[in-house]
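First the structure, in the form of structure tokens, and then the observations on it.
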Amino acid sequence: MVVEIRPITDADWPDLWPIIEAVTRAGETYTYPLNMTEAQARAMWMPPAPGGTLIAIEDGLVLGAAKIIPNQQGNGAHVANGSFMVGAGARGRGVARSLGEAALAFARNAGFKSMQFNAVVETNTVAVGLWKKLGFEIVGTVPEAFDHPVHGLVGLHVMHRKL
């Protein structure tokens, strides 16, 4: 089986929403409201250009997604921001790495000069390790900025890399 990475279409949304909903409701890795609605999620995960969402598909099933948007407006719009989610059944198979590599290429091709993650939960060691392998550095940690449902107050890393 081969995982395909491609831009999302409207027809893909119904298969991506359950992944976003499960990750959001778990409350362990995103600062999203735990009761985020599908409409709110769709508005966030279907951004206009120069941003975009890439999905990972295998045998017609959506495994995960990467959203790339400008991190800031105006004079900060040359820095991309990325968000990544992988369904529970696809974790540990290299899907996030493939999405990460594709997102970096997408951002570079869209004219971004670097990519920044604003809120990587420090207890999400799998994500922190992957982003380091892909060239990101922790440039700072905001202490106790995330209320983890298991670990309590933990830090949020800001991670960055040039493109």
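Chain lettering (A, B, ...) mirrors the order of the structure tokens, residue numbering begins at 1 for each chain separately, and ligand numbering begins at 1 in order of display.
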
Query raised in the report: So which residues touch region 140-155 of chain A within 7 Å, counting only C-alpha atoms, skipping near sequence neighbours fewer than 6 positions away, as a VMD selection string?
Result: chain A and resid 27 to 28 121 to 122

Looking only at strand (DSSP E) from DSSP on the backbone, list the matching residues of chain A as a JSON list (two decimals) with N, CA, C and O atoms, in the first residue's frame.
[["chain", "number", "residue", "atom", "x", "y", "z"],
["A", 4, "GLU", "N", -0.59, 8.33, -0.44],
["A", 4, "GLU", "CA", -0.57, 9.47, -1.37],
["A", 4, "GLU", "C", -0.80, 10.74, -0.56],
["A", 4, "GLU", "O", -1.68, 10.78, 0.30],
["A", 5, "ILE", "N", 0.01, 11.76, -0.84],
["A", 5, "ILE", "CA", -0.17, 13.08, -0.23],
["A", 5, "ILE", "C", -0.63, 14.02, -1.33],
["A", 5, "ILE", "O", 0.03, 14.13, -2.37],
["A", 6, "ARG", "N", -1.77, 14.68, -1.11],
["A", 6, "ARG", "CA", -2.30, 15.60, -2.12],
["A", 6, "ARG", "C", -3.14, 16.67, -1.45],
["A", 6, "ARG", "O", -3.55, 16.52, -0.29],
["A", 7, "PRO", "N", -3.44, 17.75, -2.18],
["A", 7, "PRO", "CA", -4.33, 18.79, -1.62],
["A", 7, "PRO", "C", -5.72, 18.22, -1.35],
["A", 7, "PRO", "O", -6.23, 17.38, -2.09],
["A", 52, "GLY", "N", -3.02, 26.15, 2.57],
["A", 52, "GLY", "CA", -3.65, 24.98, 1.99],
["A", 52, "GLY", "C", -3.58, 23.82, 2.94],
["A", 52, "GLY", "O", -2.85, 23.85, 3.93],
["A", 53, "THR", "N", -4.35, 22.80, 2.65],
["A", 53, "THR", "CA", -4.34, 21.58, 3.45],
["A", 53, "THR", "C", -3.99, 20.41, 2.55],
["A", 53, "THR", "O", -4.54, 20.27, 1.46],
["A", 54, "LEU", "N", -3.06, 19.61, 3.02],
["A", 54, "LEU", "CA", -2.66, 18.39, 2.33],
["A", 54, "LEU", "C", -3.23, 17.22, 3.13],
["A", 54, "LEU", "O", -3.26, 17.27, 4.37],
["A", 55, "ILE", "N", -3.65, 16.19, 2.42],
["A", 55, "ILE", "CA", -4.12, 15.00, 3.13],
["A", 55, "ILE", "C", -3.29, 13.80, 2.70],
["A", 55, "ILE", "O", -2.75, 13.75, 1.60],
["A", 56, "ALA", "N", -3.21, 12.85, 3.62],
["A", 56, "ALA", "CA", -2.57, 11.56, 3.34],
["A", 56, "ALA", "C", -3.68, 10.54, 3.14],
["A", 56, "ALA", "O", -4.57, 10.42, 3.98],
["A", 57, "ILE", "N", -3.61, 9.82, 2.02],
["A", 57, "ILE", "CA", -4.64, 8.85, 1.67],
["A", 57, "ILE", "C", -3.97, 7.51, 1.35],
["A", 57, "ILE", "O", -2.93, 7.47, 0.71],
["A", 58, "GLU", "N", -4.61, 6.44, 1.80],
["A", 58, "GLU", "CA", -4.16, 5.09, 1.48],
["A", 58, "GLU", "C", -5.39, 4.25, 1.19],
["A", 58, "GLU", "O", -6.31, 4.19, 2.02],
["A", 61, "LEU", "N", -8.68, 5.82, 1.92],
["A", 61, "LEU", "CA", -8.97, 6.27, 3.28],
["A", 61, "LEU", "C", -8.08, 7.44, 3.65],
["A", 61, "LEU", "O", -6.86, 7.41, 3.44],
["A", 62, "VAL", "N", -8.67, 8.49, 4.23],
["A", 62, "VAL", "CA", -7.90, 9.63, 4.72],
["A", 62, "VAL", "C", -7.25, 9.21, 6.03],
["A", 62, "VAL", "O", -7.92, 8.78, 6.97],
["A", 63, "LEU", "N", -5.92, 9.34, 6.08],
["A", 63, "LEU", "CA", -5.15, 8.95, 7.26],
["A", 63, "LEU", "C", -4.78, 10.13, 8.14],
["A", 63, "LEU", "O", -4.55, 9.97, 9.33],
["A", 64, "GLY", "N", -4.68, 11.31, 7.52],
["A", 64, "GLY", "CA", -4.27, 12.49, 8.27],
["A", 64, "GLY", "C", -4.18, 13.69, 7.36],
["A", 64, "GLY", "O", -4.46, 13.60, 6.16],
["A", 65, "ALA", "N", -3.79, 14.82, 7.95],
["A", 65, "ALA", "CA", -3.74, 16.07, 7.20],
["A", 65, "ALA", "C", -2.68, 17.01, 7.76],
["A", 65, "ALA", "O", -2.31, 16.92, 8.93],
["A", 66, "ALA", "N", -2.24, 17.91, 6.90],
["A", 66, "ALA", "CA", -1.33, 19.00, 7.27],
["A", 66, "ALA", "C", -1.92, 20.29, 6.73],
["A", 66, "ALA", "O", -2.26, 20.37, 5.55],
["A", 67, "LYS", "N", -2.05, 21.27, 7.61],
["A", 67, "LYS", "CA", -2.57, 22.58, 7.21],
["A", 67, "LYS", "C", -1.41, 23.57, 7.25],
["A", 67, "LYS", "O", -0.69, 23.64, 8.24],
["A", 68, "ILE", "N", -1.24, 24.33, 6.18],
["A", 68, "ILE", "CA", -0.19, 25.33, 6.10],
["A", 68, "ILE", "C", -0.84, 26.68, 5.84],
["A", 68, "ILE", "O", -1.62, 26.82, 4.88],
["A", 69, "ILE", "N", -0.54, 27.65, 6.70],
["A", 69, "ILE", "CA", -1.08, 29.00, 6.56],
["A", 69, "ILE", "C", 0.01, 30.00, 6.93],
["A", 69, "ILE", "O", 1.00, 29.63, 7.55],
["A", 70, "PRO", "N", -0.17, 31.28, 6.58],
["A", 70, "PRO", "CA", 0.77, 32.28, 7.09],
["A", 70, "PRO", "C", 0.68, 32.34, 8.62],
["A", 70, "PRO", "O", -0.42, 32.31, 9.17],
["A", 79, "VAL", "N", 6.39, 33.81, 7.01],
["A", 79, "VAL", "CA", 6.62, 32.63, 7.85],
["A", 79, "VAL", "C", 5.36, 31.77, 7.83],
["A", 79, "VAL", "O", 4.27, 32.25, 8.14],
["A", 80, "ALA", "N", 5.52, 30.52, 7.45],
["A", 80, "ALA", "CA", 4.39, 29.59, 7.44],
["A", 80, "ALA", "C", 4.14, 29.05, 8.83],
["A", 80, "ALA", "O", 5.04, 29.01, 9.67],
["A", 81, "ASN", "N", 2.92, 28.61, 9.06],
["A", 81, "ASN", "CA", 2.55, 27.91, 10.28],
["A", 81, "ASN", "C", 1.97, 26.58, 9.84],
["A", 81, "ASN", "O", 1.24, 26.51, 8.85],
["A", 82, "GLY", "N", 2.29, 25.52, 10.55],
["A", 82, "GLY", "CA", 1.77, 24.21, 10.19],
["A", 82, "GLY", "C", 1.02, 23.56, 11.32],
["A", 82, "GLY", "O", 1.38, 23.71, 12.49],
["A", 83, "SER", "N", -0.03, 22.83, 10.98],
["A", 83, "SER", "CA", -0.78, 22.01, 11.93],
["A", 83, "SER", "C", -0.92, 20.63, 11.30],
["A", 83, "SER", "O", -1.17, 20.52, 10.10],
["A", 84, "PHE", "N", -0.79, 19.61, 12.13],
["A", 84, "PHE", "CA", -0.79, 18.23, 11.63],
["A", 84, "PHE", "C", -1.64, 17.35, 12.51],
["A", 84, "PHE", "O", -1.60, 17.45, 13.73],
["A", 85, "MET", "N", -2.42, 16.47, 11.87],
["A", 85, "MET", "CA", -3.20, 15.48, 12.60],
["A", 85, "MET", "C", -3.16, 14.17, 11.82],
["A", 85, "MET", "O", -3.28, 14.18, 10.59],
["A", 86, "VAL", "N", -3.00, 13.07, 12.55],
["A", 86, "VAL", "CA", -3.01, 11.74, 11.96],
["A", 86, "VAL", "C", -4.00, 10.90, 12.76],
["A", 86, "VAL", "O", -4.00, 10.94, 13.98],
["A", 114, "SER", "N", 10.26, 30.48, 5.98],
["A", 114, "SER", "CA", 10.48, 29.59, 7.12],
["A", 114, "SER", "C", 9.14, 29.06, 7.59],
["A", 114, "SER", "O", 8.08, 29.49, 7.11],
["A", 115, "MET", "N", 9.20, 28.12, 8.55],
["A", 115, "MET", "CA", 7.98, 27.58, 9.13],
["A", 115, "MET", "C", 8.13, 27.60, 10.64],
["A", 115, "MET", "O", 9.20, 27.33, 11.17],
["A", 116, "GLN", "N", 7.03, 27.95, 11.31],
["A", 116, "GLN", "CA", 7.02, 28.05, 12.77],
["A", 116, "GLN", "C", 5.80, 27.33, 13.31],
["A", 116, "GLN", "O", 4.71, 27.45, 12.77],
["A", 117, "PHE", "N", 6.03, 26.58, 14.38],
["A", 117, "PHE", "CA", 4.93, 25.98, 15.13],
["A", 117, "PHE", "C", 4.83, 26.77, 16.42],
["A", 117, "PHE", "O", 5.80, 26.88, 17.17],
["A", 118, "ASN", "N", 3.68, 27.30, 16.72],
["A", 118, "ASN", "CA", 3.49, 28.17, 17.88],
["A", 118, "ASN", "C", 3.20, 27.44, 19.17],
["A", 118, "ASN", "O", 3.38, 28.00, 20.25],
["A", 119, "ALA", "N", 2.71, 26.21, 19.08],
["A", 119, "ALA", "CA", 2.22, 25.56, 20.29],
["A", 119, "ALA", "C", 2.36, 24.04, 20.19],
["A", 119, "ALA", "O", 1.37, 23.33, 20.03],
["A", 120, "VAL", "N", 3.58, 23.54, 20.32],
["A", 120, "VAL", "CA", 3.79, 22.09, 20.35],
["A", 120, "VAL", "C", 3.84, 21.68, 21.82],
["A", 120, "VAL", "O", 4.74, 22.09, 22.55],
["A", 121, "VAL", "N", 2.87, 20.91, 22.24],
["A", 121, "VAL", "CA", 2.78, 20.51, 23.65],
["A", 121, "VAL", "C", 4.02, 19.70, 24.00],
["A", 121, "VAL", "O", 4.35, 18.71, 23.33],
["A", 137, "GLU", "N", 13.90, 23.57, 15.37],
["A", 137, "GLU", "CA", 14.53, 23.78, 16.66],
["A", 137, "GLU", "C", 13.50, 24.37, 17.62],
["A", 137, "GLU", "O", 12.63, 25.14, 17.20],
["A", 138, "ILE", "N", 13.62, 24.02, 18.88],
["A", 138, "ILE", "CA", 12.81, 24.67, 19.90],
["A", 138, "ILE", "C", 13.46, 26.02, 20.18],
["A", 138, "ILE", "O", 14.61, 26.07, 20.60],
["A", 139, "VAL", "N", 12.75, 27.10, 19.88],
["A", 139, "VAL", "CA", 13.31, 28.44, 20.09],
["A", 139, "VAL", "C", 12.81, 29.05, 21.39],
["A", 139, "VAL", "O", 13.29, 30.11, 21.80],
["A", 140, "GLY", "N", 11.88, 28.39, 22.03],
["A", 140, "GLY", "CA", 11.38, 28.85, 23.32],
["A", 140, "GLY", "C", 10.27, 27.94, 23.80],
["A", 140, "GLY", "O", 9.69, 27.19, 23.02],
["A", 141, "THR", "N", 10.02, 28.00, 25.08],
["A", 141, "THR", "CA", 8.93, 27.23, 25.68],
["A", 141, "THR", "C", 8.16, 28.15, 26.62],
["A", 141, "THR", "O", 8.77, 28.80, 27.48],
["A", 142, "VAL", "N", 6.88, 28.21, 26.43],
["A", 142, "VAL", "CA", 6.02, 28.99, 27.32],
["A", 142, "VAL", "C", 5.62, 28.06, 28.46],
["A", 142, "VAL", "O", 4.90, 27.08, 28.23],
["A", 143, "PRO", "N", 6.09, 28.32, 29.67],
["A", 143, "PRO", "CA", 5.82, 27.40, 30.78],
["A", 143, "PRO", "C", 4.34, 27.36, 31.16],
["A", 143, "PRO", "O", 3.66, 28.39, 31.15],
["A", 144, "GLU", "N", 3.87, 26.17, 31.45],
["A", 144, "GLU", "CA", 2.51, 25.95, 31.95],
["A", 144, "GLU", "C", 1.42, 26.60, 31.09],
["A", 144, "GLU", "O", 0.38, 27.02, 31.59],
["A", 145, "ALA", "N", 1.64, 26.65, 29.78],
["A", 145, "ALA", "CA", 0.70, 27.30, 28.88],
["A", 145, "ALA", "C", -0.39, 26.37, 28.37],
["A", 145, "ALA", "O", -1.32, 26.81, 27.70],
["A", 146, "PHE", "N", -0.28, 25.08, 28.68],
["A", 146, "PHE", "CA", -1.25, 24.10, 28.21],
["A", 146, "PHE", "C", -1.72, 23.26, 29.39],
["A", 146, "PHE", "O", -0.91, 22.73, 30.15],
["A", 147, "ASP", "N", -3.04, 23.14, 29.52],
["A", 147, "ASP", "CA", -3.61, 22.34, 30.61],
["A", 147, "ASP", "C", -3.93, 20.95, 30.08],
["A", 147, "ASP", "O", -5.01, 20.70, 29.55],
["A", 148, "HIS", "N", -2.97, 20.07, 30.21],
["A", 148, "HIS", "CA", -3.09, 18.70, 29.69],
["A", 148, "HIS", "C", -4.03, 17.89, 30.58],
["A", 148, "HIS", "O", -3.95, 17.97, 31.81],
["A", 152, "GLY", "N", -1.55, 17.75, 33.62],
["A", 152, "GLY", "CA", -1.74, 19.07, 34.21],
["A", 152, "GLY", "C", -1.07, 20.15, 33.38],
["A", 152, "GLY", "O", -0.95, 20.03, 32.16],
["A", 153, "LEU", "N", -0.62, 21.20, 34.04],
["A", 153, "LEU", "CA", -0.03, 22.33, 33.33],
["A", 153, "LEU", "C", 1.36, 21.96, 32.80],
["A", 153, "LEU", "O", 2.25, 21.60, 33.58],
["A", 154, "VAL", "N", 1.51, 22.05, 31.47],
["A", 154, "VAL", "CA", 2.78, 21.74, 30.81],
["A", 154, "VAL", "C", 3.11, 22.86, 29.84],
["A", 154, "VAL", "O", 2.27, 23.70, 29.51],
["A", 155, "GLY", "N", 4.34, 22.87, 29.37],
["A", 155, "GLY", "CA", 4.78, 23.92, 28.47],
["A", 155, "GLY", "C", 4.36, 23.71, 27.03],
["A", 155, "GLY", "O", 4.06, 22.60, 26.59],
["A", 156, "LEU", "N", 4.35, 24.82, 26.30],
["A", 156, "LEU", "CA", 4.14, 24.81, 24.85],
["A", 156, "LEU", "C", 5.43, 25.28, 24.20],
["A", 156, "LEU", "O", 5.91, 26.38, 24.48],
["A", 157, "HIS", "N", 6.00, 24.42, 23.34],
["A", 157, "HIS", "CA", 7.20, 24.80, 22.61],
["A", 157, "HIS", "C", 6.84, 25.63, 21.39],
["A", 157, "HIS", "O", 5.85, 25.37, 20.71],
["A", 158, "VAL", "N", 7.68, 26.61, 21.09],
["A", 158, "VAL", "CA", 7.67, 27.30, 19.81],
["A", 158, "VAL", "C", 8.83, 26.70, 19.04],
["A", 158, "VAL", "O", 9.98, 26.69, 19.51],
["A", 159, "MET", "N", 8.52, 26.14, 17.85],
["A", 159, "MET", "CA", 9.54, 25.49, 17.05],
["A", 159, "MET", "C", 9.64, 26.20, 15.70],
["A", 159, "MET", "O", 8.64, 26.66, 15.16],
["A", 160, "HIS", "N", 10.84, 26.21, 15.12],
["A", 160, "HIS", "CA", 11.09, 26.99, 13.89],
["A", 160, "HIS", "C", 12.16, 26.33, 13.04],
["A", 160, "HIS", "O", 13.05, 25.68, 13.56],
["A", 161, "ARG", "N", 12.02, 26.52, 11.74],
["A", 161, "ARG", "CA", 13.10, 26.16, 10.82],
["A", 161, "ARG", "C", 13.01, 27.02, 9.56],
["A", 161, "ARG", "O", 11.91, 27.42, 9.15],
["A", 162, "LYS", "N", 14.15, 27.30, 8.99],
["A", 162, "LYS", "CA", 14.19, 28.01, 7.71],
["A", 162, "LYS", "C", 13.85, 27.04, 6.59],
["A", 162, "LYS", "O", 14.10, 25.85, 6.70]]

**Report entry** DSSP alpha helix (DSSP H) selection over region 38-71 of chain A, as a PyMOL selection string
**Finding:** chain A and resi 38-45

Query - Distance in Å - CA of Ala39 (chain A) versus CA of Leu99 (chain A) - result: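 CA of Ala39 (chain A) sits 23.6 Å away from CA of Leu99 (chain A).
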